[in-house]
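Q: Sharing query_39.cif, mmCIF, C-alpha atoms:
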data_model
loop_
_atom_site.label_atom_id
_atom_site.label_comp_id
_atom_site.auth_asym_id
_atom_site.auth_seq_id
_atom_site.Cartn_x
_atom_site.Cartn_y
_atom_site.Cartn_z
CA MET A 1 33.08 8.94 23.23
CA ILE A 2 32.85 12.69 23.76
CA LEU A 3 31.11 12.96 20.42
CA LEU A 4 28.50 10.42 21.53
CA LYS A 5 27.53 12.55 24.53
CA ASP A 6 25.50 14.54 22.07
CA LYS A 7 22.48 12.30 21.66
CA LYS A 8 22.00 13.43 18.08
CA ASN A 9 25.41 12.00 17.20
CA LEU A 10 24.47 8.75 18.90
CA VAL A 11 21.23 8.55 16.95
CA ILE A 12 23.08 9.28 13.69
CA LEU A 13 25.55 6.51 14.52
CA LEU A 14 22.74 4.07 15.28
CA LEU A 15 20.91 4.98 12.06
CA SER A 16 24.12 4.58 10.06
CA ILE A 17 24.67 1.08 11.45
CA LEU A 18 21.06 0.08 10.78
CA PHE A 19 21.39 1.43 7.26
CA ILE A 20 24.65 -0.42 6.58
CA ILE A 21 23.17 -3.70 7.88
CA LYS A 22 20.32 -3.38 5.37
CA ILE A 23 22.34 -2.55 2.23
CA PRO A 24 23.36 -6.15 1.36
CA GLN A 25 19.70 -7.25 1.49
CA GLU A 26 18.21 -4.35 -0.42
CA GLY A 27 20.95 -3.39 -2.84
CA LEU A 28 22.44 -0.27 -4.33
CA ARG A 29 19.20 1.55 -5.07
CA PHE A 30 18.38 1.49 -1.37
CA ALA A 31 21.83 2.91 -0.56
CA PHE A 32 21.48 5.72 -3.10
CA TRP A 33 17.92 6.35 -1.97
CA VAL A 34 18.95 6.85 1.67
CA PHE A 35 22.01 8.94 0.74
CA GLY A 36 19.77 11.03 -1.47
CA GLY A 37 17.26 11.50 1.32
CA ILE A 38 19.92 12.62 3.79
CA LEU A 39 21.53 15.02 1.30
CA LEU A 40 18.27 16.56 0.16
CA THR A 41 16.83 17.05 3.64
CA SER A 42 20.10 18.54 4.90
CA LEU A 43 20.43 20.81 1.89
CA PHE A 44 16.85 22.07 2.17
CA ASP A 45 17.32 22.65 5.91
CA VAL A 46 20.59 24.57 5.54
CA LEU A 47 19.17 26.72 2.75
CA THR A 48 15.91 27.47 4.56
CA THR A 49 17.72 28.35 7.79
CA ALA A 50 20.12 30.58 5.87
CA ILE A 51 17.27 32.40 4.16
CA LEU A 52 14.85 32.68 7.09
CA GLN A 53 17.22 33.02 10.02
CA LYS A 54 20.33 34.33 8.27
CA ARG A 55 22.65 31.76 9.81
CA ILE A 56 24.43 28.62 8.71
CA ILE A 57 23.81 25.46 10.72
CA VAL A 58 25.22 21.95 10.92
CA PRO A 59 22.04 20.08 10.00
CA LYS A 60 22.23 17.15 12.44
CA SER A 61 18.45 17.05 12.91
CA ALA A 62 17.97 17.11 9.16
CA VAL A 63 20.40 14.22 8.76
CA ILE A 64 18.31 12.21 11.25
CA SER A 65 15.10 13.20 9.46
CA GLY A 66 16.64 12.25 6.12
CA PHE A 67 17.69 8.85 7.46
CA ILE A 68 14.23 8.19 8.91
CA ILE A 69 12.25 9.30 5.85
CA SER A 70 14.32 7.54 3.22
CA GLY A 71 14.80 4.51 5.44
CA ILE A 72 11.07 4.07 5.96
CA LEU A 73 9.66 5.13 2.57
CA ASP A 74 9.70 2.44 -0.06
CA TYR A 75 12.87 3.03 -2.08
CA ARG A 76 11.24 1.71 -5.27
CA GLN A 77 9.28 4.94 -5.60
CA THR A 78 10.30 7.65 -8.06
CA TRP A 79 13.19 9.98 -7.23
CA PHE A 80 10.76 12.86 -7.50
CA ALA A 81 8.85 11.39 -4.53
CA LEU A 82 12.09 11.41 -2.54
CA VAL A 83 12.61 15.10 -3.34
CA ILE A 84 9.07 15.96 -2.20
CA PHE A 85 9.19 13.90 0.99
CA SER A 86 12.64 15.31 1.84
CA LEU A 87 11.30 18.81 1.51
CA LEU A 88 8.25 18.25 3.73
CA PRO A 89 10.13 17.89 7.06
CA VAL A 90 11.86 21.21 6.40
CA ILE A 91 8.49 22.86 5.75
CA SER A 92 7.16 21.27 8.93
CA LYS A 93 10.13 22.45 10.96
CA HIS A 94 10.30 26.03 9.70
CA ILE A 95 6.72 26.89 8.84
CA LEU A 96 4.25 24.83 10.87
CA LYS A 97 5.04 26.45 14.21
CA PHE A 98 3.12 27.26 17.35
CA LYS A 99 4.67 29.84 19.68
CA HIS A 100 8.03 29.54 17.87
CA LYS A 101 8.16 25.77 18.26
CA HIS A 102 7.50 23.32 15.49
CA ILE A 103 4.43 21.21 16.15
CA PHE A 104 5.23 18.01 14.32
CA ASN A 105 8.11 15.60 14.42
CA PRO A 106 9.49 16.69 11.00
CA ALA A 107 10.27 13.20 9.69
CA ASN A 108 6.97 11.82 10.95
CA PHE A 109 5.09 14.72 9.34
CA SER A 110 6.53 13.77 5.97
CA LEU A 111 5.71 10.09 6.51
CA ALA A 112 2.18 10.97 7.61
CA ILE A 113 1.64 12.82 4.34
CA ALA A 114 3.06 9.80 2.53
CA THR A 115 0.68 7.40 4.25
CA PHE A 116 -2.30 9.73 3.65
CA PHE A 117 -1.50 9.36 -0.05
CA LYS A 118 -0.98 5.62 0.42
CA VAL A 119 2.68 5.66 -0.53
CA PRO A 120 4.04 2.36 0.84
CA LEU A 121 6.15 2.61 3.99
CA THR A 122 8.38 -0.45 4.14
CA TRP A 123 10.39 0.50 7.26
CA ASN A 124 13.61 -0.89 5.82
CA ILE A 125 15.72 1.02 8.32
CA GLU A 126 14.43 -1.25 11.10
CA SER A 127 17.11 -3.80 10.31
CA ASN A 128 18.13 -4.98 13.79
CA ILE A 129 15.61 -4.67 16.60
CA TYR A 130 18.06 -5.82 19.33
CA LEU A 131 20.43 -2.98 18.54
CA ILE A 132 17.51 -0.54 18.41
CA ILE A 133 16.22 -1.68 21.80
CA ILE A 134 19.61 -1.58 23.53
CA VAL A 135 20.70 1.82 22.21
CA GLY A 136 17.10 3.09 22.31
CA LEU A 137 16.73 2.33 26.02
CA TYR A 138 19.88 4.32 26.72
CA ILE A 139 18.63 7.27 24.63
CA VAL A 140 15.18 7.17 26.26
CA TYR A 141 16.73 7.10 29.71
CA SER A 142 19.14 9.96 28.92
CA LEU A 143 16.43 12.16 27.43
CA LYS A 144 14.03 11.36 30.30
CA LYS A 145 11.39 10.01 27.94
CA ILE A 146 10.48 6.86 29.84
CA PRO A 147 6.95 8.15 30.67
CA HIS A 148 6.28 8.54 26.93
CA ILE A 149 7.17 4.91 26.33
CA ILE A 150 5.15 3.69 29.31
CA GLY A 151 2.11 5.75 28.26
CA PHE A 152 2.35 4.39 24.74
CA PHE A 153 2.75 0.77 25.77
CA VAL A 154 0.05 0.77 28.43
CA PHE A 155 -2.61 1.58 25.84
CA PHE A 156 -1.00 -0.07 22.84
CA ILE A 157 -0.60 -3.41 24.63
CA GLY A 158 -3.93 -3.18 26.43
CA LEU A 159 -5.94 -2.40 23.31
CA PHE A 160 -4.16 -4.83 21.01
CA VAL A 161 -4.67 -7.67 23.47
CA THR A 162 -8.42 -7.05 23.35
CA GLN A 163 -8.22 -7.87 19.64
CA LYS A 164 -6.20 -11.04 20.31
CA VAL A 165 -3.26 -9.54 18.44
CA ASN A 166 0.26 -9.90 19.82
CA PRO A 167 1.27 -6.27 20.54
CA PHE A 168 4.97 -7.07 20.67
CA LEU A 169 4.84 -8.49 17.14
CA SER A 170 2.81 -5.54 15.93
CA VAL A 171 4.94 -2.70 17.22
CA SER A 172 7.92 -1.04 15.59
CA TRP A 173 10.78 -0.72 18.04
CA PHE A 174 12.35 1.84 15.76
CA PHE A 175 9.22 3.95 16.08
CA VAL A 176 9.14 3.64 19.87
CA PHE A 177 12.80 4.35 20.58
CA ILE A 178 13.65 6.81 17.82
CA MET A 179 10.54 8.57 16.56
CA LEU A 180 8.12 8.76 19.47
CA ILE A 181 10.66 10.40 21.78
CA GLU A 182 11.82 13.19 19.47
CA PRO A 183 12.74 15.81 22.09
CA LYS A 184 11.22 19.01 20.71
CA THR A 185 7.79 17.74 19.73
CA SER A 186 6.98 15.17 22.40
CA GLY A 187 7.02 17.41 25.46
CA PHE A 188 8.64 16.93 28.85
CA GLY A 189 7.48 15.90 32.27
CA LYS A 190 6.17 12.67 33.71
CA TRP A 191 2.45 13.21 33.23
CA ARG A 192 2.68 15.13 30.00
CA GLY A 193 4.97 12.47 28.64
CA PHE A 194 2.63 9.73 29.77
CA ILE A 195 -0.40 11.47 28.21
CA PHE A 196 1.54 12.12 25.00
CA GLY A 197 2.50 8.45 24.74
CA SER A 198 -1.05 7.39 25.61
CA ILE A 199 -2.53 9.50 22.82
CA ALA A 200 -0.08 8.00 20.33
CA GLY A 201 -0.93 4.48 21.55
CA ILE A 202 -4.70 4.98 21.47
CA ILE A 203 -4.74 6.63 18.04
CA ALA A 204 -2.40 3.95 16.68
CA PHE A 205 -4.86 1.31 17.84
CA LEU A 206 -7.86 3.14 16.35
CA ILE A 207 -6.14 3.47 12.99
CA PHE A 208 -5.10 -0.19 13.14
CA LYS A 209 -8.67 -1.21 13.87
CA PHE A 210 -10.68 1.11 11.63
CA PHE A 211 -8.37 2.47 8.90
CA PRO A 212 -5.88 -0.32 8.27
CA PRO A 213 -4.50 0.87 4.92
CA TYR A 214 -2.83 3.77 6.74
CA ASP A 215 0.30 3.44 8.84
CA PHE A 216 -1.11 3.37 12.36
CA LEU A 217 2.11 4.31 14.17
CA VAL A 218 2.89 7.30 11.99
CA ILE A 219 -0.64 8.67 12.32
CA GLY A 220 -0.66 7.94 16.04
CA LEU A 221 2.40 10.14 16.48
CA PHE A 222 1.05 12.77 14.09
CA VAL A 223 -2.09 13.18 16.22
CA ALA A 224 -0.12 13.11 19.48
CA ASN A 225 2.05 15.93 18.08
CA LEU A 226 -1.11 17.95 17.50
CA PHE A 227 -1.97 17.61 21.18
CA ASN A 228 1.48 18.68 22.36
CA PRO A 229 0.79 22.45 22.35
CA LEU A 230 -2.28 21.70 24.49
CA LEU A 231 -0.16 19.64 26.87
CA GLU A 232 2.28 22.54 27.07
CA LYS A 233 -0.63 24.71 28.19
CA LEU A 234 -1.41 22.23 30.95
CA LYS A 235 2.07 22.84 32.26
CA ASN A 236 1.40 26.56 32.50
CA MET B 1 -56.92 -3.91 -59.44
CA ILE B 2 -58.22 -4.58 -55.93
CA LYS B 3 -57.04 -8.19 -56.30
CA TYR B 4 -53.50 -7.03 -57.09
CA LEU B 5 -53.55 -4.61 -54.16
CA VAL B 6 -54.72 -7.30 -51.73
CA PHE B 7 -52.10 -9.71 -53.10
CA GLY B 8 -49.46 -7.06 -52.74
CA PHE B 9 -50.43 -6.34 -49.12
CA LEU B 10 -50.36 -10.06 -48.35
CA VAL B 11 -46.88 -10.53 -49.80
CA PHE B 12 -45.66 -7.42 -47.95
CA GLY B 13 -47.25 -8.67 -44.74
CA ILE B 14 -45.69 -12.14 -45.04
CA LEU B 15 -42.27 -10.69 -45.83
CA ALA B 16 -42.52 -8.25 -42.93
CA CYS B 17 -43.50 -11.05 -40.53
CA ALA B 18 -40.66 -13.24 -41.73
CA LYS B 19 -38.19 -10.44 -41.16
CA LYS B 20 -39.68 -9.72 -37.73
CA GLU B 21 -39.34 -13.40 -36.83
CA GLU B 22 -35.68 -13.33 -37.86
CA VAL B 23 -35.08 -10.30 -35.63
CA SER B 24 -36.77 -11.90 -32.65
CA LYS B 25 -34.80 -15.12 -33.22
CA THR B 26 -31.51 -13.18 -32.99
CA THR B 27 -32.66 -11.54 -29.77
CA GLU B 28 -33.50 -14.89 -28.22
CA MET B 29 -30.15 -16.38 -29.21
CA GLY B 30 -28.38 -13.49 -27.53
CA THR B 31 -24.78 -12.46 -28.08
CA SER B 32 -23.38 -15.99 -27.75
CA GLU B 33 -24.38 -16.75 -31.28
CA MET B 34 -23.52 -13.35 -32.66
CA LYS B 35 -20.90 -13.05 -35.32
CA GLY B 36 -17.28 -13.09 -34.20
CA HIS B 37 -14.53 -10.56 -35.02
CA GLU B 38 -13.91 -11.90 -38.50
CA GLY B 39 -17.57 -12.12 -39.32
CA THR B 40 -17.68 -15.92 -39.10
CA GLU B 41 -20.70 -17.49 -37.49
CA ALA B 42 -19.75 -18.47 -33.92
CA VAL B 43 -20.76 -21.90 -32.64
CA LYS B 44 -22.23 -21.78 -29.18
CA LYS B 45 -20.41 -24.17 -26.85
CA GLU B 46 -22.36 -25.94 -24.22
CA GLY B 47 -22.14 -24.41 -20.76
CA VAL B 48 -21.38 -20.82 -21.77
CA ALA B 49 -24.08 -18.47 -20.59
CA LEU B 50 -23.86 -14.83 -21.51
CA ARG B 51 -25.26 -11.90 -19.65
CA THR B 52 -24.34 -8.39 -18.64
CA ALA B 53 -22.66 -7.51 -15.34
CA THR B 54 -24.73 -7.32 -12.17
CA ALA B 55 -24.57 -4.42 -9.71
CA ASP B 56 -22.25 -6.44 -7.43
CA GLU B 57 -19.77 -6.91 -10.23
CA VAL B 58 -19.64 -3.29 -11.40
CA GLY B 59 -16.35 -1.56 -10.55
CA LYS B 60 -14.13 -4.65 -10.50
CA ASP B 61 -10.73 -4.32 -12.18
CA VAL B 62 -10.42 -7.23 -14.56
CA VAL B 63 -8.44 -8.48 -17.53
CA CYS B 64 -10.32 -9.63 -20.62
CA PRO B 65 -9.47 -13.32 -21.21
CA VAL B 66 -9.97 -12.89 -24.96
CA MET B 67 -8.08 -9.69 -25.68
CA ARG B 68 -5.67 -10.42 -22.77
CA ASN B 69 -3.84 -7.10 -22.74
CA VAL B 70 -6.99 -5.14 -21.94
CA LYS B 71 -7.46 -4.29 -18.27
CA PHE B 72 -10.68 -2.49 -17.53
CA LYS B 73 -13.31 -1.70 -14.92
CA VAL B 74 -16.53 -3.69 -15.12
CA LYS B 75 -19.53 -1.56 -16.08
CA SER B 76 -23.21 -2.46 -16.09
CA ILE B 77 -23.03 -3.05 -19.86
CA THR B 78 -19.94 -5.28 -19.67
CA PRO B 79 -20.60 -8.70 -21.24
CA VAL B 80 -20.03 -11.56 -18.80
CA ALA B 81 -19.58 -15.20 -19.75
CA ASP B 82 -20.50 -17.74 -17.07
CA TYR B 83 -18.68 -20.98 -17.68
CA LYS B 84 -18.18 -23.96 -15.36
CA GLY B 85 -19.37 -21.99 -12.37
CA LYS B 86 -17.07 -19.03 -12.94
CA SER B 87 -17.62 -15.61 -14.45
CA TYR B 88 -15.38 -14.10 -17.11
CA TYR B 89 -15.63 -10.42 -17.92
CA LEU B 90 -15.23 -9.48 -21.56
CA CYS B 91 -14.04 -6.12 -22.78
CA CYS B 92 -16.22 -5.53 -25.83
CA GLY B 93 -19.18 -6.80 -27.82
CA ALA B 94 -16.96 -8.83 -30.12
CA CYS B 95 -15.39 -10.95 -27.37
CA PRO B 96 -18.45 -13.01 -26.28
CA GLY B 97 -18.57 -14.69 -29.69
CA LYS B 98 -14.91 -15.60 -29.59
CA PHE B 99 -15.10 -16.80 -26.02
CA SER B 100 -18.11 -18.97 -26.76
CA GLU B 101 -16.33 -20.56 -29.73
CA ASP B 102 -13.65 -22.11 -27.55
CA PRO B 103 -13.82 -21.16 -23.86
CA GLU B 104 -11.16 -23.68 -22.84
CA LYS B 105 -8.64 -21.96 -25.08
CA TYR B 106 -9.09 -18.71 -23.18
CA ILE B 107 -9.38 -19.98 -19.62
CA SER B 108 -6.39 -22.32 -19.92
CA ARG B 109 -4.11 -19.29 -19.58
CA ILE B 110 -5.75 -18.05 -16.40
CA LYS B 111 -3.88 -18.86 -13.19
CA GLU B 112 -5.94 -18.58 -10.04
CA ILE B 113 -3.80 -18.34 -6.93
CA LYS B 114 -4.87 -18.06 -3.31
CA LEU B 115 -2.29 -15.82 -1.69
CA GLU B 116 -2.30 -15.76 2.09
CA THR B 117 -0.51 -13.00 3.98
CA PHE B 118 0.70 -13.37 7.55
CA GLN B 119 3.17 -11.88 10.03
CA PHE B 120 5.70 -11.86 8.27
CA GLY B 121 5.40 -13.56 4.92
CA PHE B 122 3.29 -14.78 2.03
CA SER B 123 2.02 -18.20 1.13
CA PRO B 124 2.67 -19.60 -1.46
CA ASP B 125 6.13 -18.15 -1.84
CA PRO B 126 7.27 -17.90 -4.59
CA VAL B 127 4.23 -17.38 -6.76
CA VAL B 128 5.21 -18.94 -10.09
CA VAL B 129 3.37 -18.17 -13.34
CA LYS B 130 4.19 -18.19 -17.02
CA LYS B 131 4.63 -15.11 -19.17
CA GLY B 132 1.31 -14.30 -20.82
CA ASP B 133 -0.80 -15.85 -18.06
CA ILE B 134 -3.69 -13.90 -16.65
CA VAL B 135 -3.02 -14.08 -12.91
CA LYS B 136 -5.97 -13.89 -10.56
CA LEU B 137 -4.92 -13.43 -6.96
CA GLU B 138 -7.33 -14.12 -4.15
CA ILE B 139 -5.72 -12.41 -1.18
CA THR B 140 -6.48 -13.14 2.46
CA SER B 141 -4.84 -12.36 5.79
CA ARG B 142 -4.17 -14.86 8.55
CA ASP B 143 -3.63 -12.38 11.38
CA VAL B 144 -3.51 -8.58 11.10
CA SER B 145 -3.97 -6.17 8.18
CA HIS B 146 -1.44 -6.51 5.40
CA GLY B 147 -0.98 -5.21 1.88
CA VAL B 148 0.15 -6.93 -1.28
CA TYR B 149 2.42 -4.64 -3.22
CA ILE B 150 4.05 -5.57 -6.54
CA LYS B 151 5.40 -2.35 -7.93
CA GLU B 152 6.23 -3.60 -11.44
CA TYR B 153 2.63 -4.69 -11.96
CA GLY B 154 1.06 -1.67 -10.29
CA ILE B 155 -0.56 -3.78 -7.57
CA LYS B 156 -1.15 -2.34 -4.12
CA ILE B 157 -4.02 -4.02 -2.28
CA PRO B 158 -4.64 -3.75 1.46
CA VAL B 159 -6.36 -6.71 3.10
CA LYS B 160 -7.87 -7.05 6.56
CA LYS B 161 -8.17 -10.27 8.52
CA GLY B 162 -11.34 -12.05 7.43
CA GLU B 163 -11.49 -10.22 4.12
CA ILE B 164 -10.97 -11.64 0.63
CA LYS B 165 -9.53 -9.25 -1.94
CA LYS B 166 -9.25 -10.15 -5.59
CA VAL B 167 -6.90 -8.69 -8.15
CA GLU B 168 -6.01 -9.75 -11.65
CA PHE B 169 -3.25 -8.83 -14.04
CA LEU B 170 -1.52 -10.04 -17.15
CA ALA B 171 1.95 -11.42 -16.46
CA ALA B 172 3.45 -9.58 -19.41
CA GLN B 173 6.91 -9.03 -18.01
CA GLU B 174 9.29 -11.92 -17.47
CA GLY B 175 11.49 -12.03 -14.37
CA LYS B 176 11.50 -12.12 -10.58
CA PHE B 177 9.58 -9.45 -8.71
CA ASP B 178 9.34 -8.61 -5.03
CA ILE B 179 5.99 -8.98 -3.32
CA LEU B 180 6.04 -6.60 -0.38
CA CYS B 181 3.66 -5.69 2.39
CA SER B 182 2.39 -2.14 1.86
CA VAL B 183 0.59 -1.87 5.22
CA PHE B 184 2.68 -1.69 8.39
CA CYS B 185 2.07 -4.97 10.17
CA GLY B 186 4.67 -5.18 12.93
CA SER B 187 8.30 -5.56 13.85
CA GLY B 188 9.05 -7.88 10.92
CA HIS B 189 7.30 -5.70 8.35
CA SER B 190 10.53 -4.67 6.65
CA LYS B 191 11.51 -8.31 6.18
CA MET B 192 8.13 -9.38 4.84
CA LYS B 193 9.04 -10.18 1.28
CA GLY B 194 7.73 -12.70 -1.20
CA ARG B 195 8.56 -13.41 -4.83
CA LEU B 196 6.56 -13.40 -8.03
CA VAL B 197 8.38 -15.46 -10.64
CA VAL B 198 7.22 -14.99 -14.22
CA GLU B 199 8.80 -17.75 -16.28
CA LYS B 200 9.27 -18.05 -20.03
CA GLN B 201 6.20 -19.23 -21.88
#
Please go through the file and, once you have read it, give me the structure as structure tokens.
A:
Amino acid sequence: MILLKDKKNLVILLLSILFIIKIPQEGLRFAFWVFGGILLTSLFDVLTTAILQKRIIVPKSAVISGFIISGILDYRQTWFALVIFSLLPVISKHILKFKHKHIFNPANFSLAIATFFKVPLTWNIESNIYLIIIVGLYIVYSLKKIPHIIGFFVFFIGLFVTQKVNPFLSVSWFFVFIMLIEPKTSGFGKWRGFIFGSIAGIIAFLIFKFFPPYDFLVIGLFVANLFNPLLEKLKN
Amino acid sequence: MIKYLVFGFLVFGILACAKKEEVSKTTEMGTSEMKGHEGTEAVKKEGVALRTATADEVGKDVVCPVMRNVKFKVKSITPVADYKGKSYYLCCGACPGKFSEDPEKYISRIKEIKLETFQFGFSPDPVVVKKGDIVKLEITSRDVSHGVYIKEYGIKIPVKKGEIKKVEFLAAQEGKFDILCSVFCGSGHSKMKGRLVVEKQ
């Protein structure tokens, strides 16, 4: 239980369970694909940190990123694609920085690049939405990210209803409770959180409506991440 | 001498006209009565009308029903055979003759399937065809945007609600293949899976 006080450990546990649930349906290639993703992302992160910051880290964030990327990317792609998309979050984390903070959610950055190139995102890791919602609510509450979720849903639901599309069928609970609330890139505070979530919700809708071949949630978060440094300025 | 010259000119003129008439006759008949691959005279079947592709048709990815294993993009010079209200795109100048000889032979191996996508599945499911069939999918969406993705056949087609997307391929590989949704469509996206079954011939 002490271990689970660290929210990263809890997220890793949740991701592991979701992954295990999915293996019987998807088979061994999926299992190797996800293991490969975790190993590669962790390895790249440890090496880059060692080279750039001259220290050795336990790559918990990279494990989460690896789980998310390989769990969402279609595992029928080439292994080379896995190597590339496992390297991208590390580049995002260590290189694409603004005032010493990385701008993008590393896993989402990699997935955004994937969707720009129309690599299929099958979201296999979303294997049990009830588990995601229950554990997710606890994580969101603990990290004080409720305004992000509210901001996202206010616009996401509102705009989807105008199109006569059921928003609750069209959302990914995994995205909402795991990806949207990534602590370092989603900002803090009630209003900033609400605005951040709103941007993600509005952009997601616009992509859904006008550029459907692209993953609307991933791009929604990608754009919201871009606004985060601006929201930080609002704070100051 | 003048007599012989006049006679000669007349004979030349008649021969030239006859040849010209032959040329114009071939042009009128068009490619449907052109010689086939083996040089045999093709017999024009009733109902086959040949033409070249129109501007609307240019750019389509199609499979030649005669050569079968040739997938190509329709160009403005692509020969098109209209038969029983449908258009068939042919890969080269030799195919129209063959197609016109026996169109039924070539279209009998074409399977046209209307594939509907919806949250979160495909209809019909499974899609069953025989090995060697040319499969023409007409893809629509019932609700939101979806994508039809069959990796083994290199198919990845997004489709919006209200849109009709067409794709064709030769079912060359026997077996069972996953049909997945390549466009995120909601909470059941990861479970949206159909089957393409390619049976023995």
Q: I need the output of the PyMOL selection byres ((chain B) within 10 of (chain A)) for this file as an NGL selection string; which residues are they?
A: :B and (119-120 or 143-147 or 149 or 151-152 or 156-160 or 180-192)
Q: Considering all atoms listed in the file, state which residue in the set A:Val140, A:Leu180, A:Val63, A:Ile146 is at the smallest distance from Asn9 in chain A.
A: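 So, comparing all the options, the nearest one is A:Val63.
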Q: With distances taken over only C-alpha atoms, which of B:Lys161, B:Lys136, B:Arg68, B:Arg51 is nearest to Gly93 in chain B?
A: B:Arg51
Q: Which distance in Å separates CA of Glu138 in chain B and CA of Ile113 in chain B, to one decimal?
A: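 Straight-line distance from CA of Glu138 in chain B to CA of Ile113 in chain B works out to 6.2 Å.
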Q: Applied to this file, what does the PyMOL selection byres ((chain A and resi 45-61) around 9) return in terms of residues, put as a PyMOL selection string?
A: chain A and resi 8-9+12+40-44+62-66+87+89-91+93-94
Q: When you draw a straight line from CA of Leu3 in chain A to CA of Ser16 in chain A, how long is it in Å?
A: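 Going from CA of Leu3 in chain A over to CA of Ser16 in chain A, I get 15.0 Å.
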Q: I need the residue nearest Ile150 in chain A from this list: A:Phe194, A:Phe35, A:Tyr130, A:Tyr75. Use only C-alpha atoms for the distance.
A: A:Phe194
Q: Measure the distance from CA of His148 in chain A to CA of Phe98 in chain A in Å and round it to one decimal.
A: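 CA of His148 in chain A sits 21.3 Å away from CA of Phe98 in chain A.
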Q: Can you pull out the residues contacting Ala172 in chain B? Cut-off 8 Å, using all atoms listed in the file, and skip same-chain residues under 6 positions away; I want them as a list in words.
A: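 Near Ala172 in chain B, the qualifying residues are Lys131, Gly132 and Asp133 of chain B.
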Q: If the PyMOL selection byres ((chain B and resi 200) around 6) were run on this exact file, what residues would it hold? Put them as a list in words.
A: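 Applying the PyMOL selection byres ((chain B and resi 200) around 6) to the structure shown produces Lys130, Lys131, Glu199 and Gln201 of chain B.
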Q: Please return the centre and edge lengths, in Å to one decimal, of a box with edges along x, y and z that contains all listed atoms of range 58-73 of chain A, widened by 6 Å on every side, as AutoDock Vina command-line options.
A:
--center_x 17.4 --center_y 13.0 --center_z 7.7 --size_x 27.6 --size_y 29.9 --size_z 22.3
Q: Give the answer as one residue: which of B:Glu57, B:Glu104, B:Glu116, B:Asp178 has the shortest atom-to-atom distance to Gly162 in chain B, using all atoms listed in the file?
A: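 For Gly162 in chain B, the nearest of the given residues is B:Glu116.
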Q: Tell me which of A:Lys145, A:Gly36, A:Leu96, A:Val154 sits closest to Phe80 in chain A, counting all atoms listed in the file.
A: A:Gly36
Q: If you count only C-alpha atoms, which residues fall within 10 Å of Gly85 in chain B, apart from same-chain ones fewer than 3 positions away, as a VMD selection string?
A: chain B and resid 47 to 48 82
